[in-house]
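Shown below: input_8.cif, with mmCIF, C-alpha atoms and all ligand atoms.
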```
data_structure
#
loop_
_atom_site.label_atom_id
_atom_site.label_comp_id
_atom_site.auth_asym_id
_atom_site.auth_seq_id
_atom_site.Cartn_x
_atom_site.Cartn_y
_atom_site.Cartn_z
CA MET A 14 80.56 112.30 87.01
CA ASN A 15 82.15 110.98 90.17
CA HIS A 16 83.95 107.62 90.48
CA LEU A 17 80.89 105.98 92.05
CA GLU A 18 77.43 107.39 91.43
CA ILE A 19 74.47 105.82 93.18
CA ASP A 20 71.31 107.34 91.79
CA THR A 21 67.98 106.84 93.63
CA VAL A 22 68.53 103.12 94.22
CA THR A 23 65.63 101.22 95.75
CA LYS A 24 65.35 97.55 96.67
CA VAL A 25 62.05 95.99 97.63
CA TYR A 26 61.85 92.37 98.84
CA ASP A 27 58.33 90.94 98.76
CA GLY A 28 56.82 94.28 99.67
CA SER A 29 59.44 95.09 102.35
CA VAL A 30 61.65 98.06 101.51
CA ALA A 31 65.39 97.44 102.10
CA LEU A 32 66.61 100.53 100.21
CA ALA A 33 64.33 103.53 99.85
CA GLY A 34 65.90 105.77 97.21
CA VAL A 35 69.60 105.98 98.07
CA SER A 36 71.76 108.50 96.19
CA LEU A 37 75.47 109.06 96.82
CA SER A 38 78.52 110.34 94.92
CA VAL A 39 81.94 109.04 95.88
CA ALA A 40 85.38 110.17 94.70
CA ALA A 41 88.03 107.70 93.48
CA HIS A 42 90.31 108.16 96.51
CA ASP A 43 87.58 107.85 99.16
CA TYR A 44 87.37 105.32 101.96
CA VAL A 45 83.62 105.10 102.45
CA VAL A 46 82.26 103.41 105.56
CA MET A 47 78.56 102.58 105.73
CA LEU A 48 77.33 102.52 109.29
CA GLY A 49 73.89 101.82 110.69
CA PRO A 50 71.83 99.54 112.91
CA SER A 51 70.93 96.01 111.94
CA GLY A 52 68.46 95.96 109.06
CA SER A 53 69.22 99.52 107.89
CA GLY A 54 70.19 98.34 104.40
CA LYS A 55 74.01 98.46 104.50
CA THR A 56 74.59 94.95 103.21
CA THR A 57 71.88 95.30 100.59
CA LEU A 58 73.51 98.46 99.26
CA LEU A 59 76.94 96.80 99.17
CA SER A 60 75.43 93.83 97.39
CA VAL A 61 73.81 96.13 94.82
CA LEU A 62 77.22 97.78 94.25
CA GLY A 63 78.87 94.36 93.82
CA GLY A 64 76.26 93.17 91.32
CA PHE A 65 74.97 90.37 93.58
CA THR A 66 71.56 91.99 94.10
CA PRO A 67 69.76 93.75 91.23
CA PRO A 68 68.12 97.00 92.41
CA THR A 69 64.35 97.34 92.01
CA SER A 70 64.92 100.81 90.52
CA GLY A 71 67.69 103.39 90.24
CA ARG A 72 71.13 103.30 88.61
CA VAL A 73 74.74 102.64 89.59
CA HIS A 74 77.69 104.08 87.64
CA ILE A 75 81.28 103.10 88.35
CA ALA A 76 84.16 104.94 86.67
CA GLY A 77 81.75 106.48 84.17
CA GLN A 78 80.15 103.17 83.17
CA ASP A 79 76.52 102.25 83.84
CA VAL A 80 76.85 98.88 85.62
CA THR A 81 73.29 98.68 86.98
CA HIS A 82 72.53 95.44 85.16
CA HIS A 83 76.03 93.91 85.18
CA GLY A 84 76.69 90.81 87.29
CA PRO A 85 79.66 90.64 89.71
CA ALA A 86 82.11 89.33 87.10
CA LYS A 87 81.20 92.05 84.60
CA ARG A 88 81.87 95.06 86.82
CA PRO A 89 85.11 96.58 88.10
CA THR A 90 84.53 95.66 91.74
CA ALA A 91 85.85 92.97 94.08
CA THR A 92 84.27 91.94 97.36
CA VAL A 93 85.73 90.82 100.68
CA PHE A 94 83.07 88.88 102.59
CA GLN A 95 82.82 88.59 106.34
CA ASP A 96 83.64 84.88 106.26
CA TYR A 97 86.42 85.60 103.70
CA ALA A 98 85.04 82.94 101.29
CA LEU A 99 88.54 81.63 100.54
CA PHE A 100 88.99 78.36 98.63
CA PRO A 101 89.90 76.04 101.52
CA HIS A 102 91.52 73.34 99.40
CA MET A 103 93.86 75.75 97.56
CA SER A 104 97.14 77.23 98.78
CA VAL A 105 97.37 80.93 99.62
CA ALA A 106 99.11 81.59 96.27
CA ASP A 107 96.45 79.69 94.33
CA ASN A 108 93.69 81.62 96.09
CA LEU A 109 95.32 84.84 94.91
CA GLY A 110 96.21 83.57 91.45
CA TYR A 111 92.72 82.26 90.68
CA GLY A 112 91.26 85.57 89.52
CA LEU A 113 94.33 86.28 87.39
CA LYS A 114 94.08 82.86 85.78
CA LEU A 115 90.45 83.54 84.86
CA ARG A 116 91.70 86.72 83.21
CA ARG A 117 94.24 84.62 81.30
CA MET A 118 97.32 86.27 82.73
CA PRO A 119 100.40 84.20 81.67
CA LYS A 120 101.89 82.08 84.47
CA PRO A 121 105.25 83.86 84.97
CA GLN A 122 103.50 87.21 85.31
CA ARG A 123 100.91 85.64 87.60
CA VAL A 124 103.57 84.26 89.95
CA LYS A 125 105.22 87.68 90.16
CA THR A 126 101.93 89.51 90.78
CA VAL A 127 100.91 87.04 93.50
CA ALA A 128 104.27 87.42 95.27
CA ALA A 129 104.11 91.23 95.11
CA THR A 130 100.54 91.30 96.41
CA LEU A 131 101.35 88.94 99.29
CA GLU A 132 104.27 91.20 100.14
CA MET A 133 101.91 94.21 100.11
CA VAL A 134 99.63 92.66 102.76
CA GLY A 135 102.54 91.52 104.94
CA LEU A 136 102.36 87.84 103.94
CA GLY A 137 105.53 87.56 101.84
CA GLY A 138 106.65 83.90 101.82
CA TYR A 139 103.22 82.51 102.80
CA GLY A 140 102.22 81.47 99.27
CA LYS A 141 102.64 77.72 99.76
CA ARG A 142 100.64 77.54 102.99
CA GLY A 143 97.18 76.03 103.15
CA ILE A 144 94.33 78.26 104.27
CA HIS A 145 93.82 76.08 107.39
CA GLU A 146 97.42 76.87 108.42
CA LEU A 147 96.66 80.57 108.82
CA SER A 148 95.40 82.64 111.76
CA GLY A 149 92.17 84.66 111.51
CA GLY A 150 94.08 87.88 110.79
CA GLN A 151 96.18 86.18 108.11
CA ARG A 152 93.08 84.77 106.42
CA GLN A 153 91.59 88.22 106.41
CA ARG A 154 94.74 89.56 104.73
CA VAL A 155 94.56 86.81 102.10
CA ALA A 156 90.92 87.73 101.41
CA VAL A 157 91.84 91.40 100.94
CA ALA A 158 94.85 90.48 98.79
CA ARG A 159 92.74 88.18 96.62
CA ALA A 160 90.27 91.00 96.03
CA LEU A 161 92.90 93.68 95.37
CA ILE A 162 94.98 91.57 92.99
CA VAL A 163 92.46 92.03 90.17
CA GLU A 164 92.88 95.83 90.52
CA PRO A 165 89.22 96.67 91.08
CA GLU A 166 88.01 100.25 90.69
CA ILE A 167 86.18 99.71 93.97
CA LEU A 168 86.93 97.28 96.78
CA LEU A 169 83.77 96.28 98.67
CA LEU A 170 84.21 95.03 102.23
CA ASP A 171 81.31 93.48 104.15
CA GLU A 172 82.06 93.54 107.91
CA PRO A 173 85.58 92.36 107.07
CA LEU A 174 86.82 92.51 110.67
CA GLY A 175 83.69 91.09 112.27
CA ALA A 176 85.25 87.73 113.12
CA LEU A 177 88.38 89.15 114.81
CA ASP A 178 88.98 89.99 118.47
CA LEU A 179 89.31 93.62 119.51
CA ASN A 180 93.13 93.92 119.44
CA LEU A 181 93.45 92.27 116.07
CA ARG A 182 90.55 94.36 114.80
CA ARG A 183 92.43 97.56 115.63
CA GLN A 184 95.61 96.29 114.01
CA MET A 185 93.73 95.27 110.87
CA GLN A 186 92.03 98.69 110.77
CA ASP A 187 95.48 100.30 110.58
CA GLU A 188 96.47 97.86 107.87
CA LEU A 189 93.34 98.45 105.80
CA LEU A 190 93.81 102.20 105.98
CA ALA A 191 97.47 101.91 104.96
CA LEU A 192 96.50 99.60 102.08
CA GLN A 193 93.83 101.96 100.86
CA ARG A 194 96.30 104.85 100.87
CA ARG A 195 99.03 102.82 99.21
CA THR A 196 96.81 101.47 96.43
CA GLY A 197 94.87 104.73 96.01
CA ARG A 198 91.71 102.68 95.36
CA CYS A 199 88.19 103.43 96.45
CA PHE A 200 87.10 101.25 99.39
CA VAL A 201 83.45 100.85 100.46
CA HIS A 202 83.27 99.14 103.85
CA VAL A 203 80.21 98.05 105.85
CA THR A 204 80.28 97.92 109.63
CA HIS A 205 78.01 98.42 112.62
CA ASP A 206 80.99 99.50 114.77
CA GLN A 207 81.06 103.28 115.02
CA GLU A 208 84.66 103.44 116.26
CA GLU A 209 85.76 101.45 113.24
CA ALA A 210 83.80 103.81 111.00
CA MET A 211 85.43 106.91 112.51
CA ALA A 212 88.92 105.38 112.38
CA LEU A 213 88.74 104.38 108.71
CA ALA A 214 86.36 106.60 106.82
CA SER A 215 87.13 109.63 104.73
CA VAL A 216 83.36 109.58 104.19
CA VAL A 217 81.02 107.99 106.69
CA VAL A 218 77.49 107.17 105.51
CA VAL A 219 74.93 106.74 108.29
CA MET A 220 72.03 104.53 107.21
CA ASN A 221 68.64 104.08 108.82
CA LYS A 222 65.58 102.25 107.47
CA GLY A 223 66.92 102.02 103.94
CA ARG A 224 67.84 105.70 103.70
CA ILE A 225 70.98 107.77 104.15
CA GLU A 226 70.51 109.87 107.29
CA ASP A 227 73.76 111.75 107.03
CA TYR A 228 77.12 111.47 105.28
CA GLY A 229 80.41 113.33 105.23
CA ALA A 230 83.75 113.54 107.03
CA PRO A 231 83.50 111.60 110.32
CA ALA A 232 84.52 114.64 112.38
CA ARG A 233 81.67 116.70 110.89
CA VAL A 234 79.07 113.95 111.16
CA TYR A 235 80.03 113.36 114.79
CA ALA A 236 80.32 117.00 115.87
CA ARG A 237 77.45 118.45 113.81
CA PRO A 238 75.01 115.59 113.16
CA ARG A 239 72.31 116.64 110.71
CA THR A 240 69.64 114.49 112.33
CA ARG A 241 68.57 113.32 115.76
CA PHE A 242 69.05 109.71 114.68
CA THR A 243 72.70 110.34 113.78
CA ALA A 244 73.34 112.18 117.05
CA ASN A 245 71.93 109.29 119.05
CA PHE A 246 73.45 106.53 116.97
CA MET A 247 77.00 107.95 116.96
CA GLY A 248 78.30 108.48 120.46
CA GLU A 249 76.46 109.89 123.44
CA SER A 250 74.47 113.08 123.64
CA THR A 251 71.79 114.93 125.55
CA GLU A 252 68.85 116.51 123.80
CA ILE A 253 67.42 119.71 125.26
CA ALA A 254 63.93 120.59 124.02
CA ALA A 255 63.94 123.99 122.28
CA ARG A 256 61.77 126.49 120.43
CA PHE A 257 63.56 128.44 117.73
CA GLU A 258 62.81 132.14 117.43
CA GLY A 259 64.77 134.88 115.69
CA GLY A 260 68.22 133.27 115.91
CA LEU A 261 67.66 132.07 119.47
CA ALA A 262 66.95 128.65 120.93
CA ARG A 263 64.57 129.02 123.88
CA THR A 264 65.06 126.16 126.37
CA ALA A 265 64.45 125.29 130.01
CA LEU A 266 68.14 126.10 130.64
CA GLY A 267 67.91 129.57 129.12
CA ASP A 268 67.91 131.26 125.70
CA PHE A 269 70.95 130.48 123.56
CA PRO A 270 72.23 132.16 120.39
CA LEU A 271 72.51 129.77 117.42
CA SER A 272 75.71 129.34 115.45
CA ALA A 273 73.80 127.90 112.45
CA PRO A 274 70.18 128.09 111.33
CA PRO A 275 68.10 125.18 112.67
CA PRO A 276 66.85 122.56 110.18
CA GLU A 277 63.18 122.81 109.31
CA GLY A 278 60.96 121.38 112.02
CA ALA A 279 63.81 121.31 114.60
CA THR A 280 62.60 120.80 118.16
CA GLY A 281 65.79 120.40 120.18
CA LEU A 282 69.46 121.05 120.77
CA ILE A 283 71.97 118.21 120.95
CA ILE A 284 75.07 118.47 123.09
CA ARG A 285 77.82 115.87 123.49
CA PRO A 286 78.98 115.10 127.08
CA GLU A 287 82.58 115.96 126.26
CA ASN A 288 81.53 119.41 125.03
CA ILE A 289 80.00 120.42 128.35
CA ILE A 290 82.53 122.39 130.37
CA ALA A 291 82.26 121.51 134.06
CA ASP A 292 82.78 125.09 135.24
CA GLY A 293 81.56 128.52 134.22
CA THR A 294 84.48 129.43 131.92
CA GLY A 295 82.74 128.71 128.57
CA PRO A 296 81.03 131.52 126.63
CA ILE A 297 77.51 130.05 127.07
CA SER A 298 76.26 129.41 130.60
CA LEU A 299 74.15 126.28 131.11
CA GLY A 300 73.53 127.13 134.76
CA GLN A 301 73.75 124.97 137.86
CA VAL A 302 73.29 121.22 138.02
CA ARG A 303 73.34 118.59 140.72
CA LEU A 304 75.13 115.30 139.98
CA THR A 305 72.81 112.31 140.14
CA ASP A 306 75.22 109.59 139.07
CA SER A 307 78.94 109.18 138.42
CA LEU A 308 80.90 106.25 137.08
CA PHE A 309 84.71 106.13 137.04
CA GLN A 310 85.92 104.91 133.63
CA GLY A 311 89.68 105.33 134.03
CA ALA A 312 90.52 108.23 131.73
CA TYR A 313 87.29 110.05 132.55
CA ILE A 314 84.22 110.02 134.75
CA ARG A 315 80.87 109.46 133.11
CA ALA A 316 78.26 111.43 134.99
CA GLU A 317 74.59 112.33 134.91
CA ALA A 318 73.22 115.55 136.31
CA LYS A 319 69.95 117.42 136.69
CA ALA A 320 69.75 121.14 136.05
CA GLU A 321 68.29 123.32 138.78
CA PRO A 322 65.51 124.31 138.88
CA SER A 323 64.31 122.94 135.52
CA GLY A 324 65.13 119.27 136.15
CA GLN A 325 66.62 118.89 132.63
CA ALA A 326 68.88 115.82 132.64
CA LEU A 327 72.40 116.19 131.20
CA ARG A 328 75.15 113.68 130.46
CA LEU A 329 78.63 114.85 131.40
CA ARG A 330 82.17 113.67 130.99
CA LEU A 331 84.44 114.86 133.78
CA ALA A 332 88.23 114.61 134.02
CA GLY A 333 89.35 111.25 135.43
CA ASN A 334 91.15 112.93 138.32
CA ALA A 335 88.14 115.05 139.34
CA THR A 336 86.29 114.26 142.54
CA ALA A 337 82.64 113.85 141.65
CA VAL A 338 79.98 112.26 143.79
CA PRO A 339 76.20 112.35 143.49
CA GLY A 340 74.82 115.44 145.21
CA ASP A 341 77.72 117.70 144.11
CA VAL A 342 76.63 121.00 142.59
CA LEU A 343 78.45 122.19 139.45
CA THR A 344 78.16 125.22 137.21
CA LEU A 345 78.20 124.22 133.53
CA SER A 346 78.98 126.04 130.32
CA CYS A 347 79.71 125.33 126.66
CA ARG A 348 80.47 126.90 123.30
CA SER A 349 77.61 128.06 121.12
CA GLU A 350 78.69 125.83 118.19
CA ASP A 351 78.45 122.72 120.38
CA LEU A 352 74.69 123.21 120.77
CA VAL A 353 73.49 121.53 117.57
CA PRO A 354 69.84 122.08 116.52
CA VAL A 355 68.02 118.94 115.35
N1 LIG A 401 67.21 88.25 100.62
C1 LIG A 401 66.33 88.97 101.33
N2 LIG A 401 65.00 88.69 101.29
C2 LIG A 401 64.11 89.41 102.00
N3 LIG A 401 64.45 90.47 102.78
C3 LIG A 401 65.74 90.79 102.86
C4 LIG A 401 66.75 90.06 102.15
N4 LIG A 401 67.97 90.63 102.45
C5 LIG A 401 67.71 91.65 103.29
N5 LIG A 401 66.39 91.75 103.55
C6 LIG A 401 65.74 92.78 104.42
O1 LIG A 401 66.18 94.05 103.99
C7 LIG A 401 66.43 94.91 105.11
C8 LIG A 401 67.87 95.42 105.06
O2 LIG A 401 68.75 94.34 105.32
P1 LIG A 401 70.33 94.46 105.26
O3 LIG A 401 70.90 93.09 105.43
O4 LIG A 401 70.74 95.21 104.05
O5 LIG A 401 70.62 95.35 106.55
P2 LIG A 401 72.02 95.62 107.27
O6 LIG A 401 72.02 97.06 107.59
O7 LIG A 401 73.14 95.12 106.46
O8 LIG A 401 71.85 94.76 108.59
P3 LIG A 401 72.96 93.90 109.41
O9 LIG A 401 73.83 94.90 110.09
O10 LIG A 401 72.11 93.12 110.37
O11 LIG A 401 73.69 93.04 108.44
C9 LIG A 401 66.11 94.09 106.34
O12 LIG A 401 64.80 94.42 106.75
C10 LIG A 401 66.19 92.65 105.86
O13 LIG A 401 65.32 91.82 106.60
#
```
If you convert what's in this file into structure tokens, what do you get?
Amino acid sequence: MNHLEIDTVTKVYDGSVALAGVSLSVAAHDYVVMLGPSGSGKTTLLSVLGGFTPPTSGRVHIAGQDVTHHGPAKRPTATVFQDYALFPHMSVADNLGYGLKLRRMPKPQRVKTVAATLEMVGLGGYGKRGIHELSGGQRQRVAVARALIVEPEILLLDEPLGALDLNLRRQMQDELLALQRRTGRCFVHVTHDQEEAMALASVVVVMNKGRIEDYGAPARVYARPRTRFTANFMGESTEIAARFEGGLARTALGDFPLSAPPPEGATGLIIRPENIIADGTGPISLGQVRLTDSLFQGAYIRAEAKAEPSGQALRLRLAGNATAVPGDVLTLSCRSEDLVPV
């Protein structure tokens, strides 16, 4: 059995289905990021893992123990909430020490553990401060430290960086990743920010309408999405309608060999803009297109084009130093493996 086993978990609220049979196995060293649009069930699943929401059916095992009906205090998890939920009237050290006190750790040991944990999150010497004397990033670190200090088997993080500005968010992402590696603990993190998911996850879980659409290493999920929803939700792509016959995808741009069998019921090929080569040097020719739109973005040019004569629209990403204006005619190509059947 894996470190975390989620077995066919459902959650129904007054007839509305928040989780529709979610199953997932997670290893002890994984950094899992749950990603999905608003209302897809991410927070509900995290809350079921933390023991705050009882599932309607299904089971949850953590470190070999069936915790399905255990409340938050009775399971080996700790949660970092988006608003941090720190005790505002207590000092930083008392916030951290609280959980240890509940576990009846003797005071001298408690003081040492608090100091070491503050050191670990880069807040050595901040123990005496009040919560209101900290910046947003420092409060976030205190919240993570307070959760980690009780040595949970799994650290649950609900949009932990949601309240921070972009620069601080990136810095805290680096810090969270370093902390996860240093502590070797399993982190399960909820976000709706796909860049954050890619940056942090060893396993990204894409959720939609209470189900898992796709999960795996971020590079695989991004490059070879298993479903149309995942392809559209993560990054940009173009879909080319296709019929699949004898190892070939027949499309308006031509017939292409497939590098993998199409999933059942597949009706299209997905291609990412950055995988379209803006000349004829790739092994698969996509033919000629005329640019219909181009937008300079600094490092690259985001462009739209229409294939000739089919009229198929394509999204492109051209080098930032290219000259590209609407009306230009380009010959496009790609690699077979970058045409992903969905
Ligand atoms: N306490 C509740 N009572 C009734 N319905 C709920 C409750 N909590 C969540 N839901 C519903 O369950 C579904 C999943 O919600 P959930 O909060 O898990 O989604 P989410 O992916 O975390 O969304 P967001 O990114 O907006 O936080 C939604 O349709 C929501 O309205």
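Here the question is which of A:Gly333, A:Pro275, A:Gly223, A:Gly137 gets nearest to A:Ser29 using all atoms listed in the file, and that residue is A:Gly223.
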Self-check item: Residues within 10 Å of (81.8, 105.4, 116.7), counting only C-alpha atoms, listed as a VMD selection string
Solution: chain A and resid 48 205 to 212 231 235 246 to 249
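With distances restricted to only C-alpha atoms, A:Thr305 is the closest residue to A:Val338 from A:Thr305, A:Gln325, A:Gln153, A:Ser215.
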Quiz item: Separation of atom CA of A:Leu190 and atom CA of A:Ile162, in Å?
Solution: 16.8 Å
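The binding environment of ligand LIG 401 (chain A), defined as every protein, DNA or RNA residue with an atom no more than 7 Å away and counting only C-alpha atoms and all ligand atoms, comprises Tyr26, Asp27, Ser29, Val30, Ala31, Gly49, Pro50, Ser51, Gly52, Ser53, Gly54, Lys55, Thr56, Thr57, Leu58, His205 and Gly223 of chain A.
Put simply, atom CA of A:Gln193 is 10.5 Å away from atom CA of A:Ile167.
Taking all atoms listed in the file into account, A:Gln95 lies nearest to A:Leu174 out of the set A:Leu174, A:Pro286, A:Asp292, A:Tyr313.
Using only C-alpha atoms, the shortest contact distance between A:Asp341 and any of A:Ala320, A:Arg303, A:Ala244, A:Arg285 is found at A:Arg303.
From atom CA of A:Gly34 back to atom CA of A:Glu277, the distance works out to 21.1 Å.
Using all atoms listed in the file, the nearest neighbour of A:Thr81 within the list A:Met47, A:Val93, A:Leu17, A:Arg117 is A:Leu17.
Counting only C-alpha atoms and comparing A:Arg241, A:His202, A:Arg233, A:His83, the residue that lies closest to A:Pro173 is A:His202.
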Practice problem: Show which residues sit within 12 Å of A:Thr294, as a VMD selection string. Count all atoms listed in the file, and ignore same-chain residues fewer than 3 positions away. | Solution: chain A and resid 289 to 291 297 to 300 344 to 348
